[in-house]
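Data from protein.pdb: PDB, C-alpha atoms
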```pdb
ATOM      1  CA  MET A   1    -161.390   9.152-157.313  1.00  0.00           C
ATOM      2  CA  ASN A   2    -160.315  12.065-159.509  1.00  0.00           C
ATOM      3  CA  LEU A   3    -157.250  14.248-158.877  1.00  0.00           C
ATOM      4  CA  GLU A   4    -156.233  17.560-160.415  1.00  0.00           C
ATOM      5  CA  ILE A   5    -152.991  19.354-159.550  1.00  0.00           C
ATOM      6  CA  LEU A   6    -152.976  22.942-160.778  1.00  0.00           C
ATOM      7  CA  SER A   7    -150.384  25.720-160.711  1.00  0.00           C
ATOM      8  CA  PRO A   8    -150.853  29.305-161.926  1.00  0.00           C
ATOM      9  CA  GLU A   9    -149.039  28.354-165.153  1.00  0.00           C
ATOM     10  CA  LYS A  10    -150.620  24.999-166.089  1.00  0.00           C
ATOM     11  CA  LYS A  11    -152.375  21.780-165.147  1.00  0.00           C
ATOM     12  CA  LEU A  12    -149.690  19.444-163.774  1.00  0.00           C
ATOM     13  CA  TYR A  13    -151.759  16.296-163.329  1.00  0.00           C
ATOM     14  CA  SER A  14    -155.293  15.120-164.028  1.00  0.00           C
ATOM     15  CA  GLY A  15    -156.677  11.619-163.711  1.00  0.00           C
ATOM     16  CA  ASP A  16    -158.121   8.867-161.575  1.00  0.00           C
ATOM     17  CA  VAL A  17    -156.043   7.815-158.567  1.00  0.00           C
ATOM     18  CA  TYR A  18    -156.150   5.430-155.608  1.00  0.00           C
ATOM     19  CA  GLY A  19    -154.901   8.046-153.127  1.00  0.00           C
ATOM     20  CA  VAL A  20    -152.711  11.086-152.490  1.00  0.00           C
ATOM     21  CA  GLN A  21    -150.147  11.847-149.774  1.00  0.00           C
ATOM     22  CA  LEU A  22    -149.774  15.555-149.026  1.00  0.00           C
ATOM     23  CA  PRO A  23    -147.481  17.777-146.902  1.00  0.00           C
ATOM     24  CA  GLY A  24    -149.984  19.575-144.653  1.00  0.00           C
ATOM     25  CA  ILE A  25    -148.871  22.527-142.537  1.00  0.00           C
ATOM     26  CA  SER A  26    -149.401  20.426-139.375  1.00  0.00           C
ATOM     27  CA  GLY A  27    -147.900  17.241-140.836  1.00  0.00           C
ATOM     28  CA  SER A  28    -148.298  14.849-143.744  1.00  0.00           C
ATOM     29  CA  PHE A  29    -151.663  13.231-144.425  1.00  0.00           C
ATOM     30  CA  GLU A  30    -153.248  10.885-146.954  1.00  0.00           C
ATOM     31  CA  ILE A  31    -156.531  11.056-148.835  1.00  0.00           C
ATOM     32  CA  LEU A  32    -158.236   7.868-150.014  1.00  0.00           C
ATOM     33  CA  GLU A  33    -161.570   7.155-151.698  1.00  0.00           C
ATOM     34  CA  LYS A  34    -164.721   8.458-149.960  1.00  0.00           C
ATOM     35  CA  HIS A  35    -162.749  10.869-147.761  1.00  0.00           C
ATOM     36  CA  ALA A  36    -164.813  13.415-145.855  1.00  0.00           C
ATOM     37  CA  PRO A  37    -164.978  16.923-147.369  1.00  0.00           C
ATOM     38  CA  LEU A  38    -161.818  18.862-146.519  1.00  0.00           C
ATOM     39  CA  VAL A  39    -159.949  22.085-147.233  1.00  0.00           C
ATOM     40  CA  SER A  40    -156.368  22.332-145.980  1.00  0.00           C
ATOM     41  CA  ALA A  41    -153.266  24.466-146.432  1.00  0.00           C
ATOM     42  CA  LEU A  42    -150.114  22.751-147.714  1.00  0.00           C
ATOM     43  CA  LYS A  43    -146.487  23.536-146.966  1.00  0.00           C
ATOM     44  CA  ALA A  44    -143.486  23.000-149.214  1.00  0.00           C
ATOM     45  CA  GLY A  45    -142.640  19.325-149.576  1.00  0.00           C
ATOM     46  CA  ARG A  46    -143.300  16.105-151.487  1.00  0.00           C
ATOM     47  CA  LEU A  47    -146.749  15.328-152.891  1.00  0.00           C
ATOM     48  CA  LYS A  48    -147.129  11.632-153.730  1.00  0.00           C
ATOM     49  CA  VAL A  49    -149.815  10.428-156.159  1.00  0.00           C
ATOM     50  CA  LEU A  50    -150.821   6.786-155.618  1.00  0.00           C
ATOM     51  CA  LYS A  51    -152.092   5.841-159.071  1.00  0.00           C
ATOM     52  CA  ASP A  52    -153.293   2.357-158.041  1.00  0.00           C
ATOM     53  CA  LYS A  53    -153.025  -0.309-155.340  1.00  0.00           C
ATOM     54  CA  GLN A  54    -149.867  -1.754-156.967  1.00  0.00           C
ATOM     55  CA  ASN A  55    -147.813   1.239-155.761  1.00  0.00           C
ATOM     56  CA  HIS A  56    -147.483   2.952-159.132  1.00  0.00           C
ATOM     57  CA  ILE A  57    -146.707   6.491-158.049  1.00  0.00           C
ATOM     58  CA  ALA A  58    -145.907   9.973-159.319  1.00  0.00           C
ATOM     59  CA  ASN A  59    -144.056  12.488-157.138  1.00  0.00           C
ATOM     60  CA  PHE A  60    -144.112  16.275-157.172  1.00  0.00           C
ATOM     61  CA  ASP A  61    -142.069  18.698-155.068  1.00  0.00           C
ATOM     62  CA  ILE A  62    -144.416  21.573-154.258  1.00  0.00           C
ATOM     63  CA  LYS A  63    -143.833  25.038-152.813  1.00  0.00           C
ATOM     64  CA  GLY A  64    -147.078  25.167-150.842  1.00  0.00           C
ATOM     65  CA  GLY A  65    -150.723  25.713-151.642  1.00  0.00           C
ATOM     66  CA  PHE A  66    -154.154  24.320-150.802  1.00  0.00           C
ATOM     67  CA  VAL A  67    -156.145  21.115-151.248  1.00  0.00           C
ATOM     68  CA  GLU A  68    -159.903  20.662-151.485  1.00  0.00           C
ATOM     69  CA  VAL A  69    -161.647  17.282-151.237  1.00  0.00           C
ATOM     70  CA  LEU A  70    -165.315  17.064-152.205  1.00  0.00           C
ATOM     71  CA  ASN A  71    -167.390  14.167-153.590  1.00  0.00           C
ATOM     72  CA  ASN A  72    -164.382  11.951-154.442  1.00  0.00           C
ATOM     73  CA  LYS A  73    -162.662  14.803-156.309  1.00  0.00           C
ATOM     74  CA  ILE A  74    -159.341  16.183-155.076  1.00  0.00           C
ATOM     75  CA  THR A  75    -158.203  19.585-156.305  1.00  0.00           C
ATOM     76  CA  VAL A  76    -154.696  20.685-155.363  1.00  0.00           C
ATOM     77  CA  LEU A  77    -153.707  24.311-156.026  1.00  0.00           C
ATOM     78  CA  VAL A  78    -149.963  24.894-155.709  1.00  0.00           C
ATOM     79  CA  GLU A  79    -147.743  27.949-156.022  1.00  0.00           C
ATOM     80  CA  ALA A  80    -145.227  25.914-158.020  1.00  0.00           C
ATOM     81  CA  ALA A  81    -144.370  22.245-158.501  1.00  0.00           C
ATOM     82  CA  VAL A  82    -141.765  20.069-160.195  1.00  0.00           C
ATOM     83  CA  ALA A  83    -142.322  16.439-161.179  1.00  0.00           C
ATOM     84  CA  VAL A  84    -139.741  14.144-159.549  1.00  0.00           C
ATOM     85  CA  GLU A  85    -138.646  10.794-160.977  1.00  0.00           C
TER      86      GLU A  85
END
```
What do you get writing this file as structure tokens?
Amino acid sequence: MNLEILSPEKKLYSGDVYGVQLPGISGSFEILEKHAPLVSALKAGRLKVLKDKQNHIANFDIKGGFVEVLNNKITVLVEAAVAVE
């Protein structure tokens, strides 16, 4: 499954992932392979990229935005984001 995280300034992340955990406006949710098509608003919070099943992760603190899921491709558009170690 392919993930792209984009801000107005630059592409923050692009690559194949196992899953993504996102801060939705009604609560956190997770997207895994073969997820149904979806468009959702995101609130400020922690976005967690699950790179593989061995729990290799990347974290981003985001200031809100939107996510679209379609045909095993996840596109996250954020107002701003900072990578967190």
Worksheet item: A:Asp16, A:Lys51, A:Leu6, A:His35: which is nearest A:Gly64, counting all atoms listed in the file?
Response: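 Among A:Asp16, A:Lys51, A:Leu6, A:His35, it is A:Leu6 that comes nearest to A:Gly64.
Using all atoms listed in the file, the shortest contact distance between A:Glu79 and any of A:Leu38, A:Val17, A:Ile5, A:Ile62 is found at A:Ile62.
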Practice prompt. Report the distance between atom CA of A:Lys48 and atom CA of A:Leu77 in Å, rounded to one decimal place.
Written response: 14.5 Å
Practice prompt. Give me the residues within 12 Å of A:Ile25 as a VMD selection string, counting all atoms listed in the file and dropping any in the same chain fewer than 6 places off.
Written response: chain A and resid 40 to 45 63 to 67
Practice prompt. Counting all atoms listed in the file, figure out which residue out of A:Glu85, A:His56, A:Tyr18, A:Val78 gets nearest to A:Leu32.
Written response: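 Nearest to A:Leu32: A:Tyr18.
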Worksheet entry | Straight-line distance linking atom CA of A:Ala36 with atom CA of A:Pro8, stated in Å to one decimal |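 The value is 26.6 Å.
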Worksheet entry | Residue among A:Glu9, A:Gly24, A:Val39, A:Phe60 lying closest to A:Thr75, counting all atoms listed in the file | A:Val39
Discussion item. Taking the file as I've supplied it (selection: the PyMOL selection byres ((chain A and resi 59) around 9)), which residues are included? Please answer as number ranges by chain.
Written reply: A: 46-50, 57-58, 60-61, 82-85
Worksheet item: If we count only C-alpha atoms, what is near A:Asn72 at a cut-off of 8 Å, once residues fewer than 5 positions away on the same chain are taken out, given as number ranges by chain?
Response: A: 1-2, 33-35
Worksheet item: Taking into account all atoms listed in the file, which residue in the set A:Ala81, A:Val69, A:Ile31, A:Ile74 is nearest to A:Leu12?
Response: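 Between A:Ala81, A:Val69, A:Ile31, A:Ile74, the residue approaching A:Leu12 most closely is A:Ala81.
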Discussion item. Report, in Å with one decimal, the straight-line distance from atom CA of A:Glu4 to atom CA of A:Pro37.
Written reply: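 According to the coordinates, atom CA of A:Glu4 and atom CA of A:Pro37 are separated by 15.7 Å.
Distances here use all atoms listed in the file; by that measure, the residue among A:Val76, A:Lys53, A:Ser7, A:Asn71 closest to A:Leu22 is A:Val76.
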